[in-house]
file entry_37.csv (CSV, C-alpha atoms)
chain,number,residue,atom,x,y,z
A,1490,ASN,CA,0.0,0.0,0.0
A,1491,ALA,CA,1.9,3.0,-1.3
A,1492,GLY,CA,-0.7,5.6,-0.1
A,1493,VAL,CA,-0.6,8.9,-2.1
A,1494,THR,CA,2.3,9.2,-4.5
A,1495,GLN,CA,3.3,12.5,-6.1
A,1496,THR,CA,5.8,13.0,-8.8
A,1497,PRO,CA,8.1,14.8,-9.3
A,1498,LYS,CA,9.3,15.8,-5.9
A,1499,PHE,CA,11.1,18.9,-7.2
A,1500,GLN,CA,10.7,20.9,-10.5
A,1501,VAL,CA,12.1,24.1,-11.9
A,1502,LEU,CA,10.1,25.7,-14.7
A,1503,LYS,CA,10.6,28.7,-16.9
A,1504,THR,CA,7.9,31.3,-17.1
A,1505,GLY,CA,5.4,30.3,-19.8
A,1506,GLN,CA,6.2,26.6,-19.7
A,1507,SER,CA,3.5,24.0,-19.0
A,1508,MET,CA,3.7,20.9,-17.0
A,1509,THR,CA,1.7,18.2,-15.2
A,1510,LEU,CA,2.1,17.3,-11.5
A,1511,GLN,CA,1.2,13.7,-11.1
A,1512,CYS,CA,-0.8,12.2,-8.2
A,1513,ALA,CA,-1.8,8.6,-7.7
A,1514,GLN,CA,-3.4,6.7,-4.8
A,1515,ASP,CA,-3.9,3.0,-4.3
A,1516,MET,CA,-6.5,3.1,-1.5
A,1517,ASN,CA,-9.6,3.3,-3.7
A,1518,HIS,CA,-10.4,6.7,-2.3
A,1519,GLU,CA,-13.2,8.6,-4.0
A,1520,TYR,CA,-12.2,12.1,-2.9
A,1521,MET,CA,-9.0,13.7,-4.0
A,1522,SER,CA,-7.8,17.3,-3.7
A,1523,TRP,CA,-4.9,19.5,-4.7
A,1524,TYR,CA,-3.5,22.1,-2.3
A,1525,ARG,CA,-0.8,24.7,-2.5
A,1526,GLN,CA,1.2,25.9,0.4
A,1527,ASP,CA,3.0,29.2,0.6
A,1528,PRO,CA,4.6,30.7,3.7
A,1529,GLY,CA,2.1,32.3,6.0
A,1530,MET,CA,-0.9,31.3,3.8
A,1531,GLY,CA,-1.6,27.8,5.1
A,1532,LEU,CA,-3.0,25.2,2.7
A,1533,ARG,CA,-5.1,26.6,-0.1
A,1534,LEU,CA,-7.4,24.4,-2.1
A,1535,ILE,CA,-6.9,24.5,-5.8
A,1536,HIS,CA,-9.2,21.8,-7.2
A,1537,TYR,CA,-11.0,18.8,-5.9
A,1538,SER,CA,-12.8,15.7,-7.1
A,1539,VAL,CA,-15.5,13.5,-5.6
A,1540,GLY,CA,-15.0,10.6,-8.1
A,1541,ALA,CA,-13.9,9.7,-11.6
A,1542,GLY,CA,-15.2,12.2,-14.1
A,1543,ILE,CA,-16.2,14.8,-11.5
A,1544,THR,CA,-14.0,17.8,-10.6
A,1545,ASP,CA,-14.7,21.2,-9.1
A,1546,GLN,CA,-12.8,24.4,-8.3
A,1547,GLY,CA,-11.4,25.3,-4.9
A,1548,GLU,CA,-10.2,28.6,-3.5
A,1549,VAL,CA,-7.4,29.3,-6.0
A,1550,PRO,CA,-8.1,27.5,-9.3
A,1551,ASN,CA,-6.8,30.1,-11.8
A,1552,GLY,CA,-3.9,28.9,-13.9
A,1553,TYR,CA,-4.6,25.2,-13.1
A,1554,ASN,CA,-6.5,22.4,-14.8
A,1555,VAL,CA,-7.4,19.0,-13.5
A,1556,SER,CA,-9.1,15.9,-14.8
A,1557,ARG,CA,-10.1,12.6,-13.1
A,1558,SER,CA,-10.4,9.8,-15.7
A,1559,THR,CA,-9.7,7.1,-13.1
A,1560,THR,CA,-10.3,6.7,-9.4
A,1561,GLU,CA,-6.5,6.3,-8.8
A,1562,ASP,CA,-5.1,9.3,-10.7
A,1563,PHE,CA,-5.7,13.1,-10.3
A,1564,PRO,CA,-3.1,15.1,-12.3
A,1565,LEU,CA,-2.7,18.8,-11.9
A,1566,ARG,CA,-1.8,20.8,-15.0
A,1567,LEU,CA,-0.1,24.2,-15.1
A,1568,LEU,CA,-1.0,25.7,-18.4
A,1569,SER,CA,1.5,28.6,-18.6
A,1570,ALA,CA,3.7,28.8,-15.5
A,1571,ALA,CA,4.1,32.1,-13.7
A,1572,PRO,CA,6.5,33.0,-10.8
A,1573,SER,CA,3.4,33.4,-8.6
A,1574,GLN,CA,2.9,29.6,-8.9
A,1575,THR,CA,6.1,28.9,-7.1
A,1576,SER,CA,4.9,26.9,-4.2
A,1577,VAL,CA,4.8,23.4,-2.6
A,1578,TYR,CA,1.9,21.4,-4.0
A,1579,PHE,CA,0.2,18.6,-2.0
A,1580,CYS,CA,-2.2,16.1,-3.3
A,1581,ALA,CA,-4.5,14.4,-0.8
A,1582,SER,CA,-7.2,11.7,-0.8
A,1583,ARG,CA,-9.9,10.3,1.5
A,1584,LEU,CA,-12.4,7.6,1.3
A,1585,GLY,CA,-15.4,9.9,1.7
A,1586,THR,CA,-16.9,12.6,3.9
A,1587,GLY,CA,-18.0,12.1,7.4
A,1588,VAL,CA,-15.4,10.3,9.6
A,1589,TYR,CA,-12.6,10.1,7.0
A,1590,GLY,CA,-9.6,12.3,7.2
A,1591,TYR,CA,-7.3,13.1,4.3
A,1592,THR,CA,-4.0,11.3,3.5
A,1593,PHE,CA,-1.5,13.6,2.0
A,1594,GLY,CA,1.2,12.9,-0.5
A,1595,SER,CA,4.8,14.0,0.2
A,1596,GLY,CA,4.5,17.1,-2.0
A,1597,THR,CA,6.1,18.6,-5.1
A,1598,ARG,CA,8.3,21.7,-4.6
A,1599,LEU,CA,7.8,23.8,-7.8
A,1600,THR,CA,9.9,26.9,-8.6
A,1601,VAL,CA,9.0,29.1,-11.6
A,1602,VAL,CA,11.8,31.4,-12.8
B,885,GLN,CA,-14.2,31.3,3.4
B,886,GLN,CA,-11.1,30.4,5.3
B,887,PRO,CA,-11.5,29.5,9.0
B,888,VAL,CA,-9.7,31.6,11.6
B,889,GLN,CA,-7.1,30.0,13.8
B,890,SER,CA,-5.6,31.5,17.0
B,891,PRO,CA,-3.0,32.0,18.1
B,892,GLN,CA,-0.8,32.2,15.0
B,893,ALA,CA,2.2,30.9,17.0
B,894,VAL,CA,2.9,29.6,20.4
B,895,ILE,CA,6.2,28.6,22.2
B,896,LEU,CA,6.1,26.2,25.1
B,897,ARG,CA,8.5,24.5,27.4
B,898,GLU,CA,8.3,20.7,27.5
B,899,GLY,CA,5.5,19.7,29.8
B,900,GLU,CA,3.4,22.8,29.4
B,901,ASP,CA,-0.1,22.9,28.0
B,902,ALA,CA,-1.5,24.8,25.0
B,903,VAL,CA,-4.9,25.5,23.4
B,904,ILE,CA,-5.4,26.2,19.7
B,905,ASN,CA,-8.7,27.6,18.5
B,906,CYS,CA,-10.5,27.4,15.2
B,907,SER,CA,-13.6,29.5,14.3
B,908,SER,CA,-15.8,29.3,11.2
B,909,SER,CA,-18.4,31.7,9.8
B,910,LYS,CA,-20.5,28.7,8.6
B,911,ALA,CA,-22.7,26.2,10.3
B,912,LEU,CA,-20.5,23.1,10.8
B,913,TYR,CA,-20.9,19.4,10.4
B,914,SER,CA,-17.4,18.4,11.5
B,915,VAL,CA,-13.9,19.7,12.1
B,916,HIS,CA,-10.6,18.1,11.0
B,917,TRP,CA,-7.3,18.6,12.7
B,918,TYR,CA,-3.9,18.0,11.1
B,919,ARG,CA,-0.3,18.4,12.2
B,920,GLN,CA,2.6,19.2,9.8
B,921,LYS,CA,6.2,18.9,10.8
B,922,HIS,CA,8.8,21.1,9.1
B,923,GLY,CA,9.5,19.8,5.5
B,924,GLU,CA,6.9,17.1,5.7
B,925,ALA,CA,3.3,16.6,4.6
B,926,PRO,CA,0.3,17.3,6.9
B,927,VAL,CA,-0.8,14.3,8.9
B,928,PHE,CA,-4.4,13.6,10.0
B,929,LEU,CA,-4.9,13.8,13.8
B,930,MET,CA,-8.6,13.5,14.3
B,931,ILE,CA,-12.1,14.5,13.2
B,932,LEU,CA,-14.9,15.7,15.4
B,933,LEU,CA,-18.4,15.3,14.3
B,934,LYS,CA,-21.5,17.4,15.2
B,935,GLY,CA,-23.0,15.9,18.3
B,936,GLY,CA,-20.0,13.7,18.9
B,937,GLU,CA,-17.8,13.3,21.9
B,938,GLN,CA,-14.6,15.0,22.6
B,939,LYS,CA,-11.8,13.0,21.0
B,940,GLY,CA,-8.2,12.4,21.8
B,941,HIS,CA,-4.9,11.3,20.2
B,942,GLU,CA,-2.0,10.7,22.6
B,943,LYS,CA,-2.2,13.6,25.0
B,944,ILE,CA,-3.9,15.7,22.4
B,945,SER,CA,-7.6,16.2,22.6
B,946,ALA,CA,-10.2,18.4,20.9
B,947,SER,CA,-13.7,19.7,21.4
B,948,PHE,CA,-16.3,20.9,19.0
B,949,ASN,CA,-19.0,23.5,19.8
B,950,GLU,CA,-21.3,23.5,16.9
B,951,LYS,CA,-23.5,26.3,18.3
B,952,LYS,CA,-20.5,28.6,18.3
B,953,GLN,CA,-19.0,27.1,15.2
B,954,GLN,CA,-15.8,26.6,17.0
B,955,SER,CA,-13.3,23.9,17.8
B,956,SER,CA,-10.4,23.8,20.1
B,957,LEU,CA,-7.3,21.5,20.2
B,958,TYR,CA,-5.8,20.9,23.6
B,959,LEU,CA,-2.2,19.8,24.0
B,960,THR,CA,-1.5,18.5,27.5
B,961,ALA,CA,2.0,18.0,29.0
B,962,SER,CA,3.6,18.9,25.6
B,963,GLN,CA,6.4,16.8,24.3
B,964,LEU,CA,9.2,17.9,21.9
B,965,SER,CA,7.5,15.7,19.2
B,966,TYR,CA,4.4,18.0,19.3
B,967,SER,CA,6.3,20.8,17.6
B,968,GLY,CA,4.9,21.6,14.2
B,969,THR,CA,2.1,23.5,12.5
B,970,TYR,CA,-1.5,22.6,13.3
B,971,PHE,CA,-4.3,23.1,10.8
B,972,CYS,CA,-8.0,22.9,11.3
B,973,GLY,CA,-10.4,22.1,8.5
B,974,PRO,CA,-14.1,22.7,9.2
B,975,GLU,CA,-16.6,21.0,7.0
B,976,ALA,CA,-19.9,22.8,6.3
B,977,GLN,CA,-23.3,21.5,7.5
B,978,GLY,CA,-24.4,18.4,5.7
B,979,GLY,CA,-20.9,17.4,4.9
B,980,SER,CA,-18.9,18.9,2.1
B,981,GLU,CA,-16.8,17.5,-0.7
B,982,LYS,CA,-14.1,20.1,-0.2
B,983,LEU,CA,-12.0,20.9,2.9
B,984,VAL,CA,-10.7,24.5,3.4
B,985,PHE,CA,-8.0,24.9,6.0
B,986,GLY,CA,-7.1,27.7,8.3
B,987,LYS,CA,-3.7,29.4,8.0
B,988,GLY,CA,-2.3,27.2,10.8
B,989,THR,CA,-0.8,27.6,14.3
B,990,LYS,CA,2.9,27.1,14.6
B,991,LEU,CA,3.7,25.3,17.9
B,992,THR,CA,7.3,25.1,19.1
B,993,VAL,CA,8.1,23.0,22.2
B,994,ASN,CA,11.5,23.6,23.7
B,995,PRO,CA,13.4,21.5,26.3
call {"tool": "encode", "arguments": {"input": "entry_37.csv", "output": "structure tokens"}}
result
Amino acid sequence: NAGVTQTPKFQVLKTGQSMTLQCAQDMNHEYMSWYRQDPGMGLRLIHYSVGAGITDQGEVPNGYNVSRSTTEDFPLRLLSAAPSQTSVYFCASRLGTGVYGYTFGSGTRLTVV
Amino acid sequence: QQPVQSPQAVILREGEDAVINCSSSKALYSVHWYRQKHGEAPVFLMILLKGGEQKGHEKISASFNEKKQQSSLYLTASQLSYSGTYFCGPEAQGGSEKLVFGKGTKLTVNP
């Protein structure tokens, strides 16, 4: 049981480049979310999904796209990277609402220059 | 809307107690609590449900006052291992698919 796996762990992008942050979980969790973490700002929700084929926007969705074609995978796409997207990105999953907490991946540290 | 946590930071000596508060502007169904150590991912501590009992994890316990839309995390006889940033994540009435966290409370426990 690997839990929530994020790749890559580190990435440097140039302004304007695009890339996809990968997130996969092997716990058959229906709910998955992407958060970004910046100093002093806590964890801010980017996008979330309640199952395959269903996604919705969080607090800070601009500049990011997501899709959920399978239960296991929830990739986050940066369309045209900007320095403001320099951050640590966490993917998290949980079985459902109610009594279930989130399991977080180890994070991707992204720097946009 | 982001919940409000207080205090923003607290420094303790080993063995001292601390309370971290979390307030929401919405009617709540549950509150999550997580701890994040420096350079690591957040880790789930506990969830409190509306109408449920106070819960505990090690010497860390929490309460949930749904009428006041508040939750408090109690750290008793703190240990060095309790150092980290604590986040609350309230869920709106009826359950919610998304979890919005507060900005966190940084706890430092010194010997």
call {"tool": "interface_residues", "arguments": {"input": "entry_37.csv", "of": "chain A", "to": "chain B", "cutoff": "7 Å", "atoms": "only C-alpha atoms", "output": "list in words"}}
result
Gly1529, Met1530, Gly1531, Leu1532, Arg1533, Leu1534, Tyr1537, Val1539, Thr1586, Gly1587, Val1588, Gly1590, Tyr1591, Thr1592, Phe1593, Gly1594, Ser1595 and Gly1596 of chain A
call {"tool": "residues_near_point", "arguments": {"input": "entry_37.csv", "point": "(4.8, 18.1, 20.7)", "cutoff": "12 Å", "atoms": "all atoms listed in the file", "output": "short mmCIF file (atom, residue, chain, number, x, y, z; two decimals) with C-alpha atoms, keeping the file's coordinate frame"}}
result
data_model
loop_
_atom_site.label_atom_id
_atom_site.label_comp_id
_atom_site.auth_asym_id
_atom_site.auth_seq_id
_atom_site.Cartn_x
_atom_site.Cartn_y
_atom_site.Cartn_z
CA VAL B 894 2.90 29.60 20.40
CA ILE B 895 6.20 28.60 22.20
CA LEU B 896 6.10 26.20 25.10
CA ARG B 897 8.50 24.50 27.40
CA GLU B 898 8.30 20.70 27.50
CA GLY B 899 5.50 19.70 29.80
CA GLU B 900 3.40 22.80 29.40
CA ASP B 901 -0.10 22.90 28.00
CA ALA B 902 -1.50 24.80 25.00
CA ARG B 919 -0.30 18.40 12.20
CA GLN B 920 2.60 19.20 9.80
CA LYS B 921 6.20 18.90 10.80
CA HIS B 941 -4.90 11.30 20.20
CA GLU B 942 -2.00 10.70 22.60
CA LYS B 943 -2.20 13.60 25.00
CA ILE B 944 -3.90 15.70 22.40
CA TYR B 958 -5.80 20.90 23.60
CA LEU B 959 -2.20 19.80 24.00
CA THR B 960 -1.50 18.50 27.50
CA ALA B 961 2.00 18.00 29.00
CA SER B 962 3.60 18.90 25.60
CA GLN B 963 6.40 16.80 24.30
CA LEU B 964 9.20 17.90 21.90
CA SER B 965 7.50 15.70 19.20
CA TYR B 966 4.40 18.00 19.30
CA SER B 967 6.30 20.80 17.60
CA GLY B 968 4.90 21.60 14.20
CA THR B 969 2.10 23.50 12.50
CA TYR B 970 -1.50 22.60 13.30
CA LYS B 990 2.90 27.10 14.60
CA LEU B 991 3.70 25.30 17.90
CA THR B 992 7.30 25.10 19.10
CA VAL B 993 8.10 23.00 22.20
CA ASN B 994 11.50 23.60 23.70
CA PRO B 995 13.40 21.50 26.30
#
call {"tool": "residues_near_point", "arguments": {"input": "entry_37.csv", "point": "(-0.1, 23.5, -1.6)", "cutoff": "8 Å", "atoms": "only C-alpha atoms", "output": "VMD selection string"}}
result
chain A and resid 1523 to 1527 1532 to 1534 1576 to 1580 1596
call {"tool": "residues_around", "arguments": {"input": "entry_37.csv", "residues": "Arg1583 of chain A", "least_positions_apart": "6", "cutoff": "9 Å", "atoms": "all atoms listed in the file", "output": "number ranges by chain"}}
result
A: 1516-1522, 1589-1592
call {"tool": "write_last_selection", "arguments": {"input": "entry_37.csv", "atoms": "C-alpha atoms", "output": "mmCIF file, in the coordinates of the input"}}
result
data_model
loop_
_atom_site.group_PDB
_atom_site.id
_atom_site.type_symbol
_atom_site.label_atom_id
_atom_site.label_comp_id
_atom_site.auth_asym_id
_atom_site.auth_seq_id
_atom_site.Cartn_x
_atom_site.Cartn_y
_atom_site.Cartn_z
ATOM 1 C CA MET A 1516 -6.500 3.100 -1.500
ATOM 2 C CA ASN A 1517 -9.600 3.300 -3.700
ATOM 3 C CA HIS A 1518 -10.400 6.700 -2.300
ATOM 4 C CA GLU A 1519 -13.200 8.600 -4.000
ATOM 5 C CA TYR A 1520 -12.200 12.100 -2.900
ATOM 6 C CA MET A 1521 -9.000 13.700 -4.000
ATOM 7 C CA SER A 1522 -7.800 17.300 -3.700
ATOM 8 C CA TYR A 1589 -12.600 10.100 7.000
ATOM 9 C CA GLY A 1590 -9.600 12.300 7.200
ATOM 10 C CA TYR A 1591 -7.300 13.100 4.300
ATOM 11 C CA THR A 1592 -4.000 11.300 3.500
#
call {"tool": "closest_residue", "arguments": {"input": "entry_37.csv", "among": "A:Ala1491, A:Ile1535, A:Val1549, A:Leu1567", "to": "Met1508 of chain A", "atoms": "all atoms listed in the file"}}
result
A:Leu1567
call {"tool": "atom_distance", "arguments": {"input": "entry_37.csv", "atom1": "atom CA of Gln953 of chain B", "atom2": "atom CA of Pro1528 of chain A"}}
result
26.5 Å
call {"tool": "atom_distance", "arguments": {"input": "entry_37.csv", "atom1": "atom CA of Ser1558 of chain A", "atom2": "atom CA of Ser1582 of chain A"}}
result
15.4 Å
call {"tool": "atom_distance", "arguments": {"input": "entry_37.csv", "atom1": "atom CA of Thr1494 of chain A", "atom2": "atom CA of Cys1512 of chain A"}}
result
5.7 Å
call {"tool": "build_atoms", "arguments": {"input": "entry_37.csv", "residues": "segment 1495-1506 of chain A", "atoms": "all heavy atoms", "output": "JSON list (two decimals), in the coordinates of the input"}}
result
[["chain", "number", "residue", "atom", "x", "y", "z"],
["A", 1495, "GLN", "N", 3.16, 11.32, -5.22],
["A", 1495, "GLN", "CA", 3.30, 12.50, -6.10],
["A", 1495, "GLN", "C", 4.61, 12.50, -6.78],
["A", 1495, "GLN", "O", 5.65, 12.19, -6.19],
["A", 1495, "GLN", "CB", 3.20, 13.78, -5.21],
["A", 1495, "GLN", "CG", 1.84, 14.07, -4.64],
["A", 1495, "GLN", "CD", 1.82, 15.40, -3.90],
["A", 1495, "GLN", "OE1", 1.52, 15.47, -2.71],
["A", 1495, "GLN", "NE2", 2.14, 16.48, -4.62],
["A", 1496, "THR", "N", 4.56, 12.86, -8.05],
["A", 1496, "THR", "CA", 5.80, 13.00, -8.80],
["A", 1496, "THR", "C", 5.65, 14.26, -9.71],
["A", 1496, "THR", "O", 4.55, 14.58, -10.18],
["A", 1496, "THR", "CB", 6.06, 11.80, -9.72],
["A", 1496, "THR", "OG1", 4.92, 11.56, -10.54],
["A", 1496, "THR", "CG2", 6.38, 10.57, -8.89],
["A", 1497, "PRO", "N", 6.77, 14.98, -9.95],
["A", 1497, "PRO", "CA", 8.10, 14.80, -9.30],
["A", 1497, "PRO", "C", 8.11, 15.38, -7.93],
["A", 1497, "PRO", "O", 7.15, 16.01, -7.50],
["A", 1497, "PRO", "CB", 8.99, 15.58, -10.28],
["A", 1497, "PRO", "CG", 8.14, 16.72, -10.73],
["A", 1497, "PRO", "CD", 6.76, 16.15, -10.87],
["A", 1498, "LYS", "N", 9.20, 15.22, -7.20],
["A", 1498, "LYS", "CA", 9.30, 15.80, -5.90],
["A", 1498, "LYS", "C", 9.83, 17.26, -6.00],
["A", 1498, "LYS", "O", 9.50, 18.11, -5.16],
["A", 1498, "LYS", "CB", 10.32, 15.02, -5.03],
["A", 1498, "LYS", "CG", 9.81, 13.65, -4.66],
["A", 1498, "LYS", "CD", 10.64, 13.01, -3.58],
["A", 1498, "LYS", "CE", 10.16, 11.61, -3.24],
["A", 1498, "LYS", "NZ", 8.74, 11.59, -2.87],
["A", 1499, "PHE", "N", 10.62, 17.54, -7.00],
["A", 1499, "PHE", "CA", 11.10, 18.90, -7.20],
["A", 1499, "PHE", "C", 11.04, 19.20, -8.73],
["A", 1499, "PHE", "O", 11.21, 18.30, -9.56],
["A", 1499, "PHE", "CB", 12.60, 19.03, -6.79],
["A", 1499, "PHE", "CG", 12.83, 18.72, -5.35],
["A", 1499, "PHE", "CD1", 13.21, 17.44, -4.96],
["A", 1499, "PHE", "CD2", 12.70, 19.70, -4.39],
["A", 1499, "PHE", "CE1", 13.42, 17.14, -3.63],
["A", 1499, "PHE", "CE2", 12.91, 19.41, -3.05],
["A", 1499, "PHE", "CZ", 13.28, 18.13, -2.67],
["A", 1500, "GLN", "N", 10.77, 20.45, -9.06],
["A", 1500, "GLN", "CA", 10.70, 20.90, -10.50],
["A", 1500, "GLN", "C", 11.01, 22.34, -10.56],
["A", 1500, "GLN", "O", 10.52, 23.14, -9.77],
["A", 1500, "GLN", "CB", 9.32, 20.57, -11.04],
["A", 1500, "GLN", "CG", 9.17, 20.88, -12.50],
["A", 1500, "GLN", "CD", 9.93, 19.92, -13.38],
["A", 1500, "GLN", "OE1", 9.87, 18.71, -13.22],
["A", 1500, "GLN", "NE2", 10.67, 20.46, -14.34],
["A", 1501, "VAL", "N", 11.81, 22.68, -11.56],
["A", 1501, "VAL", "CA", 12.10, 24.10, -11.90],
["A", 1501, "VAL", "C", 11.53, 24.32, -13.30],
["A", 1501, "VAL", "O", 11.87, 23.58, -14.23],
["A", 1501, "VAL", "CB", 13.57, 24.42, -11.83],
["A", 1501, "VAL", "CG1", 13.78, 25.88, -12.22],
["A", 1501, "VAL", "CG2", 14.11, 24.17, -10.43],
["A", 1502, "LEU", "N", 10.70, 25.33, -13.45],
["A", 1502, "LEU", "CA", 10.10, 25.70, -14.70],
["A", 1502, "LEU", "C", 10.49, 27.09, -15.11],
["A", 1502, "LEU", "O", 10.70, 27.94, -14.24],
["A", 1502, "LEU", "CB", 8.59, 25.60, -14.68],
["A", 1502, "LEU", "CG", 7.88, 24.25, -14.70],
["A", 1502, "LEU", "CD1", 6.38, 24.47, -14.64],
["A", 1502, "LEU", "CD2", 8.28, 23.45, -15.91],
["A", 1503, "LYS", "N", 10.50, 27.35, -16.39],
["A", 1503, "LYS", "CA", 10.60, 28.70, -16.90],
["A", 1503, "LYS", "C", 9.25, 29.31, -17.04],
["A", 1503, "LYS", "O", 8.28, 28.59, -17.35],
["A", 1503, "LYS", "CB", 11.42, 28.76, -18.16],
["A", 1503, "LYS", "CG", 12.88, 28.35, -18.02],
["A", 1503, "LYS", "CD", 13.62, 28.49, -19.33],
["A", 1503, "LYS", "CE", 15.09, 28.12, -19.15],
["A", 1503, "LYS", "NZ", 15.86, 28.24, -20.41],
["A", 1504, "THR", "N", 9.15, 30.61, -16.87],
["A", 1504, "THR", "CA", 7.90, 31.30, -17.10],
["A", 1504, "THR", "C", 7.32, 30.96, -18.46],
["A", 1504, "THR", "O", 8.04, 31.03, -19.46],
["A", 1504, "THR", "CB", 8.07, 32.80, -16.93],
["A", 1504, "THR", "OG1", 8.49, 33.09, -15.59],
["A", 1504, "THR", "CG2", 6.76, 33.54, -17.20],
["A", 1505, "GLY", "N", 6.04, 30.58, -18.49],
["A", 1505, "GLY", "CA", 5.40, 30.30, -19.80],
["A", 1505, "GLY", "C", 5.37, 28.78, -20.10],
["A", 1505, "GLY", "O", 4.57, 28.37, -20.95],
["A", 1506, "GLN", "N", 6.21, 28.01, -19.45],
["A", 1506, "GLN", "CA", 6.20, 26.60, -19.70],
["A", 1506, "GLN", "C", 4.97, 25.93, -19.06],
["A", 1506, "GLN", "O", 4.38, 26.46, -18.12],
["A", 1506, "GLN", "CB", 7.47, 25.91, -19.17],
["A", 1506, "GLN", "CG", 8.71, 26.20, -19.97],
["A", 1506, "GLN", "CD", 9.92, 25.44, -19.44],
["A", 1506, "GLN", "OE1", 10.12, 25.30, -18.23],
["A", 1506, "GLN", "NE2", 10.75, 24.95, -20.36]]
